[in-house]
Amino acid sequence: SNRTFTMIKPDATAKGYTGAILDQIIKAGFSVKAMKWTRLTPEQAGLFYDIHRERPFFGELVEFMSSGPIVAAILEKENAVADFRKLIGATNPAQAEEGTIRKQFAASVGENAVHGSDSDENAMIEGDFFFSKLERF
Ligand code: ATP
């Protein structure tokens, strides 16, 4: 598929990085098909990250992801999922390549500035979590 889903996470919105991150995403060739500035409740954050419910960091993840505003977006580009994960870099910013979004803007493995879907199937599921049919084109 040619679509992926992203969130700019609460650490990055709080630090004022939203504009700079969106700028890099667009300059990398992604076009925005839907976007919203919103905030997750702890319950919603838990549902979004349901797959991690049994992991030791789940409580921390839910608390963090509901701690402030996020920007959710559906992005389009050829090879979107893989190219976007390359653009954001490794989950742990200490291991992220120079020039990646996480290398520049992430503070730690938990507070890592951005999310990017890990498969075409999850990109669809995650986009549907945030956007109705009327909100995407
Ligand atoms: P994302 O799904 O947000 O793009 P990812 O696919 O790179 O991240 P996952 O392993 O799926 O990483 O973990 C999902 C999210 O859970 C991470 O982005 C991070 O915010 C958080 N997380 C992962 N590992 C840890 C950890 N060891 N401690 C705290 N939080 C973590």
# chains A, B, ... in the order shown; residues from 1 in each chain; ligands from 1
>>> residues_near_ligand(ligand="ligand 1", cutoff="10 Å", atoms="only C-alpha atoms and all ligand atoms", output="mmCIF file with C-alpha atoms, in the first residue's frame")
data_model
loop_
_atom_site.group_PDB
_atom_site.id
_atom_site.type_symbol
_atom_site.label_atom_id
_atom_site.label_comp_id
_atom_site.auth_asym_id
_atom_site.auth_seq_id
_atom_site.Cartn_x
_atom_site.Cartn_y
_atom_site.Cartn_z
ATOM 1 C CA PHE A 5 -0.248 6.425 9.806
ATOM 2 C CA THR A 6 1.724 8.665 12.161
ATOM 3 C CA MET A 7 1.368 10.449 15.470
ATOM 4 C CA ILE A 8 3.507 13.283 16.735
ATOM 5 C CA LYS A 9 3.680 12.272 20.395
ATOM 6 C CA PHE A 48 -4.397 2.089 20.487
ATOM 7 C CA TYR A 49 -1.453 0.213 22.055
ATOM 8 C CA ILE A 51 -0.886 -5.164 21.480
ATOM 9 C CA HIS A 52 1.591 -4.000 24.167
ATOM 10 C CA ARG A 55 4.641 -5.527 28.200
ATOM 11 C CA PRO A 56 6.332 -4.085 31.310
ATOM 12 C CA PHE A 57 6.267 -0.556 29.882
ATOM 13 C CA PHE A 58 2.523 -0.555 29.058
ATOM 14 C CA GLY A 59 1.456 1.606 32.039
ATOM 15 C CA GLU A 60 4.191 4.121 31.354
ATOM 16 C CA LEU A 61 3.288 4.174 27.644
ATOM 17 C CA VAL A 62 -0.408 4.835 28.327
ATOM 18 C CA PHE A 64 2.790 9.239 28.470
ATOM 19 C CA MET A 65 0.552 9.023 25.387
ATOM 20 C CA PHE A 84 8.433 6.468 6.915
ATOM 21 C CA ARG A 85 10.060 4.114 9.433
ATOM 22 C CA ILE A 88 11.867 8.406 11.808
ATOM 23 C CA GLY A 89 14.725 6.049 12.749
ATOM 24 C CA ALA A 90 15.107 3.441 15.489
ATOM 25 C CA THR A 91 12.644 3.279 18.417
ATOM 26 C CA ASN A 92 15.502 4.165 20.773
ATOM 27 C CA PRO A 93 16.891 7.570 19.685
ATOM 28 C CA ARG A 102 13.976 10.536 16.365
ATOM 29 C CA ALA A 106 13.383 12.215 20.636
ATOM 30 C CA SER A 108 14.325 8.434 25.113
ATOM 31 C CA VAL A 109 12.956 5.057 24.014
ATOM 32 C CA GLY A 110 9.620 5.911 25.662
ATOM 33 C CA GLU A 111 9.366 9.595 24.758
ATOM 34 C CA ASN A 112 10.407 9.145 21.173
ATOM 35 C CA ALA A 113 8.613 12.017 19.399
ATOM 36 C CA VAL A 114 6.785 10.112 16.652
ATOM 37 C CA HIS A 115 4.928 6.921 15.819
ATOM 38 C CA GLY A 116 4.980 5.180 12.465
ATOM 39 C CA SER A 117 2.888 2.118 11.520
ATOM 40 C CA ASP A 118 4.875 -1.114 11.179
ATOM 41 C CA SER A 119 2.773 -2.734 8.413
ATOM 42 C CA ASN A 122 -1.673 -1.704 10.937
#
>>> select_by_dssp(residues="chain A", states="strand (DSSP E)", output="PyMOL selection string")
chain A and resi 3-8+31-38+70-76+114-116
>>> write_last_selection(atoms="C-alpha atoms", output="short mmCIF file (atom, residue, chain, number, x, y, z; two decimals), in the first residue's frame")
data_model
loop_
_atom_site.label_atom_id
_atom_site.label_comp_id
_atom_site.auth_asym_id
_atom_site.auth_seq_id
_atom_site.Cartn_x
_atom_site.Cartn_y
_atom_site.Cartn_z
CA ARG A 3 -0.27 4.87 2.97
CA THR A 4 0.97 4.98 6.53
CA PHE A 5 -0.25 6.43 9.81
CA THR A 6 1.72 8.67 12.16
CA MET A 7 1.37 10.45 15.47
CA ILE A 8 3.51 13.28 16.73
CA SER A 31 1.50 14.04 1.34
CA VAL A 32 -1.04 14.50 4.11
CA LYS A 33 -4.37 12.77 3.46
CA ALA A 34 -5.88 13.52 6.89
CA MET A 35 -4.65 15.27 10.02
CA LYS A 36 -5.91 16.22 13.48
CA TRP A 37 -4.58 17.82 16.64
CA THR A 38 -6.19 15.95 19.50
CA ILE A 70 -0.80 14.66 19.81
CA VAL A 71 -1.06 15.15 16.07
CA ALA A 72 -2.48 12.16 14.18
CA ALA A 73 -2.14 11.91 10.40
CA ILE A 74 -2.56 9.62 7.41
CA LEU A 75 0.33 10.00 4.96
CA GLU A 76 0.69 8.94 1.34
CA VAL A 114 6.79 10.11 16.65
CA HIS A 115 4.93 6.92 15.82
CA GLY A 116 4.98 5.18 12.46
#
>>> closest_residue(among="A:Ile101, A:Asp23, A:Ser1, A:Arg39", to="A:Ala80", atoms="only C-alpha atoms")
A:Ser1
>>> closest_residue(among="A:Ala45, A:Ala123, A:Ala107, A:Ile25", to="A:Lys86", atoms="only C-alpha atoms")
A:Ile25
>>> decode(residues="stretch 28-75 of chain A", atoms="N, CA and C atoms", output="PDB file, in the first residue's frame")
ATOM      1  N   ALA A  28      10.221  15.103   2.806  1.00  0.00           N
ATOM      2  CA  ALA A  28      10.629  13.747   2.441  1.00  0.00           C
ATOM      3  C   ALA A  28       9.693  13.136   1.403  1.00  0.00           C
ATOM      4  N   GLY A  29       8.661  13.871   1.003  1.00  0.00           N
ATOM      5  CA  GLY A  29       7.820  13.413  -0.099  1.00  0.00           C
ATOM      6  C   GLY A  29       6.482  12.825   0.301  1.00  0.00           C
ATOM      7  N   PHE A  30       6.132  12.895   1.585  1.00  0.00           N
ATOM      8  CA  PHE A  30       4.832  12.383   2.021  1.00  0.00           C
ATOM      9  C   PHE A  30       3.777  13.469   1.834  1.00  0.00           C
ATOM     10  N   SER A  31       2.593  13.075   1.371  1.00  0.00           N
ATOM     11  CA  SER A  31       1.496  14.037   1.337  1.00  0.00           C
ATOM     12  C   SER A  31       0.471  13.664   2.401  1.00  0.00           C
ATOM     13  N   VAL A  32      -0.116  14.674   3.002  1.00  0.00           N
ATOM     14  CA  VAL A  32      -1.045  14.497   4.114  1.00  0.00           C
ATOM     15  C   VAL A  32      -2.444  14.258   3.574  1.00  0.00           C
ATOM     16  N   LYS A  33      -3.027  13.106   3.925  1.00  0.00           N
ATOM     17  CA  LYS A  33      -4.370  12.771   3.462  1.00  0.00           C
ATOM     18  C   LYS A  33      -5.424  13.060   4.532  1.00  0.00           C
ATOM     19  N   ALA A  34      -4.992  13.163   5.783  1.00  0.00           N
ATOM     20  CA  ALA A  34      -5.883  13.520   6.889  1.00  0.00           C
ATOM     21  C   ALA A  34      -4.996  13.914   8.048  1.00  0.00           C
ATOM     22  N   MET A  35      -5.465  14.859   8.869  1.00  0.00           N
ATOM     23  CA  MET A  35      -4.652  15.272  10.021  1.00  0.00           C
ATOM     24  C   MET A  35      -5.543  15.866  11.096  1.00  0.00           C
ATOM     25  N   LYS A  36      -5.230  15.531  12.375  1.00  0.00           N
ATOM     26  CA  LYS A  36      -5.911  16.220  13.480  1.00  0.00           C
ATOM     27  C   LYS A  36      -5.004  16.391  14.689  1.00  0.00           C
ATOM     28  N   TRP A  37      -5.212  17.523  15.352  1.00  0.00           N
ATOM     29  CA  TRP A  37      -4.575  17.822  16.640  1.00  0.00           C
ATOM     30  C   TRP A  37      -5.572  17.401  17.691  1.00  0.00           C
ATOM     31  N   THR A  38      -5.213  16.458  18.552  1.00  0.00           N
ATOM     32  CA  THR A  38      -6.188  15.946  19.502  1.00  0.00           C
ATOM     33  C   THR A  38      -5.478  15.471  20.766  1.00  0.00           C
ATOM     34  N   ARG A  39      -6.219  14.863  21.662  1.00  0.00           N
ATOM     35  CA  ARG A  39      -5.626  14.329  22.879  1.00  0.00           C
ATOM     36  C   ARG A  39      -6.301  13.009  23.214  1.00  0.00           C
ATOM     37  N   LEU A  40      -5.525  12.016  23.599  1.00  0.00           N
ATOM     38  CA  LEU A  40      -6.062  10.702  23.942  1.00  0.00           C
ATOM     39  C   LEU A  40      -6.350  10.623  25.435  1.00  0.00           C
ATOM     40  N   THR A  41      -7.465   9.988  25.795  1.00  0.00           N
ATOM     41  CA  THR A  41      -7.676   9.616  27.192  1.00  0.00           C
ATOM     42  C   THR A  41      -6.787   8.396  27.467  1.00  0.00           C
ATOM     43  N   PRO A  42      -6.533   8.090  28.754  1.00  0.00           N
ATOM     44  CA  PRO A  42      -5.770   6.869  29.046  1.00  0.00           C
ATOM     45  C   PRO A  42      -6.425   5.621  28.437  1.00  0.00           C
ATOM     46  N   GLU A  43      -7.741   5.555  28.467  1.00  0.00           N
ATOM     47  CA  GLU A  43      -8.429   4.397  27.893  1.00  0.00           C
ATOM     48  C   GLU A  43      -8.180   4.291  26.389  1.00  0.00           C
ATOM     49  N   GLN A  44      -8.256   5.413  25.695  1.00  0.00           N
ATOM     50  CA  GLN A  44      -8.007   5.416  24.240  1.00  0.00           C
ATOM     51  C   GLN A  44      -6.561   5.051  23.921  1.00  0.00           C
ATOM     52  N   ALA A  45      -5.619   5.584  24.717  1.00  0.00           N
ATOM     53  CA  ALA A  45      -4.206   5.251  24.499  1.00  0.00           C
ATOM     54  C   ALA A  45      -3.980   3.754  24.709  1.00  0.00           C
ATOM     55  N   GLY A  46      -4.647   3.187  25.722  1.00  0.00           N
ATOM     56  CA  GLY A  46      -4.548   1.749  25.977  1.00  0.00           C
ATOM     57  C   GLY A  46      -5.095   0.926  24.833  1.00  0.00           C
ATOM     58  N   LEU A  47      -6.194   1.372  24.240  1.00  0.00           N
ATOM     59  CA  LEU A  47      -6.768   0.656  23.094  1.00  0.00           C
ATOM     60  C   LEU A  47      -5.851   0.751  21.878  1.00  0.00           C
ATOM     61  N   PHE A  48      -5.291   1.927  21.641  1.00  0.00           N
ATOM     62  CA  PHE A  48      -4.397   2.089  20.487  1.00  0.00           C
ATOM     63  C   PHE A  48      -3.195   1.148  20.612  1.00  0.00           C
ATOM     64  N   TYR A  49      -2.649   1.040  21.820  1.00  0.00           N
ATOM     65  CA  TYR A  49      -1.453   0.213  22.055  1.00  0.00           C
ATOM     66  C   TYR A  49      -1.814  -1.130  22.701  1.00  0.00           C
ATOM     67  N   ASP A  50      -3.013  -1.622  22.416  1.00  0.00           N
ATOM     68  CA  ASP A  50      -3.510  -2.864  23.023  1.00  0.00           C
ATOM     69  C   ASP A  50      -2.533  -4.033  22.882  1.00  0.00           C
ATOM     70  N   ILE A  51      -1.830  -4.079  21.747  1.00  0.00           N
ATOM     71  CA  ILE A  51      -0.886  -5.164  21.480  1.00  0.00           C
ATOM     72  C   ILE A  51       0.248  -5.211  22.509  1.00  0.00           C
ATOM     73  N   HIS A  52       0.513  -4.081  23.168  1.00  0.00           N
ATOM     74  CA  HIS A  52       1.591  -4.000  24.167  1.00  0.00           C
ATOM     75  C   HIS A  52       1.090  -4.159  25.609  1.00  0.00           C
ATOM     76  N   ARG A  53      -0.197  -4.552  25.765  1.00  0.00           N
ATOM     77  CA  ARG A  53      -0.820  -4.574  27.096  1.00  0.00           C
ATOM     78  C   ARG A  53      -0.041  -5.398  28.119  1.00  0.00           C
ATOM     79  N   GLU A  54       0.596  -6.485  27.691  1.00  0.00           N
ATOM     80  CA  GLU A  54       1.325  -7.355  28.630  1.00  0.00           C
ATOM     81  C   GLU A  54       2.786  -6.945  28.821  1.00  0.00           C
ATOM     82  N   ARG A  55       3.229  -5.932  28.096  1.00  0.00           N
ATOM     83  CA  ARG A  55       4.641  -5.527  28.200  1.00  0.00           C
ATOM     84  C   ARG A  55       4.857  -4.711  29.471  1.00  0.00           C
ATOM     85  N   PRO A  56       6.081  -4.785  30.041  1.00  0.00           N
ATOM     86  CA  PRO A  56       6.332  -4.085  31.310  1.00  0.00           C
ATOM     87  C   PRO A  56       6.177  -2.565  31.221  1.00  0.00           C
ATOM     88  N   PHE A  57       6.344  -2.015  30.015  1.00  0.00           N
ATOM     89  CA  PHE A  57       6.267  -0.556  29.882  1.00  0.00           C
ATOM     90  C   PHE A  57       4.866  -0.056  29.529  1.00  0.00           C
ATOM     91  N   PHE A  58       3.852  -0.957  29.526  1.00  0.00           N
ATOM     92  CA  PHE A  58       2.523  -0.555  29.058  1.00  0.00           C
ATOM     93  C   PHE A  58       1.937   0.614  29.870  1.00  0.00           C
ATOM     94  N   GLY A  59       2.025   0.547  31.194  1.00  0.00           N
ATOM     95  CA  GLY A  59       1.456   1.606  32.039  1.00  0.00           C
ATOM     96  C   GLY A  59       2.112   2.953  31.759  1.00  0.00           C
ATOM     97  N   GLU A  60       3.406   2.915  31.657  1.00  0.00           N
ATOM     98  CA  GLU A  60       4.191   4.121  31.354  1.00  0.00           C
ATOM     99  C   GLU A  60       3.809   4.685  29.975  1.00  0.00           C
ATOM    100  N   LEU A  61       3.641   3.773  29.011  1.00  0.00           N
ATOM    101  CA  LEU A  61       3.288   4.174  27.644  1.00  0.00           C
ATOM    102  C   LEU A  61       1.921   4.859  27.601  1.00  0.00           C
ATOM    103  N   VAL A  62       0.949   4.271  28.299  1.00  0.00           N
ATOM    104  CA  VAL A  62      -0.408   4.835  28.327  1.00  0.00           C
ATOM    105  C   VAL A  62      -0.414   6.193  29.023  1.00  0.00           C
ATOM    106  N   GLU A  63       0.313   6.289  30.123  1.00  0.00           N
ATOM    107  CA  GLU A  63       0.379   7.555  30.864  1.00  0.00           C
ATOM    108  C   GLU A  63       1.005   8.647  29.989  1.00  0.00           C
ATOM    109  N   PHE A  64       2.104   8.286  29.341  1.00  0.00           N
ATOM    110  CA  PHE A  64       2.790   9.239  28.470  1.00  0.00           C
ATOM    111  C   PHE A  64       1.914   9.661  27.292  1.00  0.00           C
ATOM    112  N   MET A  65       1.304   8.702  26.611  1.00  0.00           N
ATOM    113  CA  MET A  65       0.552   9.023  25.387  1.00  0.00           C
ATOM    114  C   MET A  65      -0.731   9.806  25.665  1.00  0.00           C
ATOM    115  N   SER A  66      -1.180   9.800  26.933  1.00  0.00           N
ATOM    116  CA  SER A  66      -2.367  10.586  27.291  1.00  0.00           C
ATOM    117  C   SER A  66      -1.992  11.847  28.066  1.00  0.00           C
ATOM    118  N   SER A  67      -0.708  12.174  28.138  1.00  0.00           N
ATOM    119  CA  SER A  67      -0.238  13.283  28.981  1.00  0.00           C
ATOM    120  C   SER A  67      -0.371  14.654  28.326  1.00  0.00           C
ATOM    121  N   GLY A  68      -0.656  14.698  27.033  1.00  0.00           N
ATOM    122  CA  GLY A  68      -0.761  15.990  26.347  1.00  0.00           C
ATOM    123  C   GLY A  68      -1.208  15.784  24.926  1.00  0.00           C
ATOM    124  N   PRO A  69      -1.288  16.868  24.159  1.00  0.00           N
ATOM    125  CA  PRO A  69      -1.788  16.761  22.792  1.00  0.00           C
ATOM    126  C   PRO A  69      -0.886  15.953  21.873  1.00  0.00           C
ATOM    127  N   ILE A  70      -1.507  15.368  20.880  1.00  0.00           N
ATOM    128  CA  ILE A  70      -0.802  14.658  19.812  1.00  0.00           C
ATOM    129  C   ILE A  70      -1.321  15.179  18.465  1.00  0.00           C
ATOM    130  N   VAL A  71      -0.564  14.911  17.419  1.00  0.00           N
ATOM    131  CA  VAL A  71      -1.056  15.149  16.065  1.00  0.00           C
ATOM    132  C   VAL A  71      -1.113  13.795  15.370  1.00  0.00           C
ATOM    133  N   ALA A  72      -2.291  13.423  14.906  1.00  0.00           N
ATOM    134  CA  ALA A  72      -2.480  12.155  14.184  1.00  0.00           C
ATOM    135  C   ALA A  72      -2.632  12.463  12.707  1.00  0.00           C
ATOM    136  N   ALA A  73      -2.032  11.641  11.841  1.00  0.00           N
ATOM    137  CA  ALA A  73      -2.135  11.910  10.402  1.00  0.00           C
ATOM    138  C   ALA A  73      -2.021  10.642   9.571  1.00  0.00           C
ATOM    139  N   ILE A  74      -2.713  10.642   8.448  1.00  0.00           N
ATOM    140  CA  ILE A  74      -2.561   9.616   7.411  1.00  0.00           C
ATOM    141  C   ILE A  74      -1.700  10.227   6.313  1.00  0.00           C
ATOM    142  N   LEU A  75      -0.639   9.503   5.938  1.00  0.00           N
ATOM    143  CA  LEU A  75       0.331  10.002   4.958  1.00  0.00           C
ATOM    144  C   LEU A  75       0.370   9.103   3.736  1.00  0.00           C
TER     145      LEU A  75
END
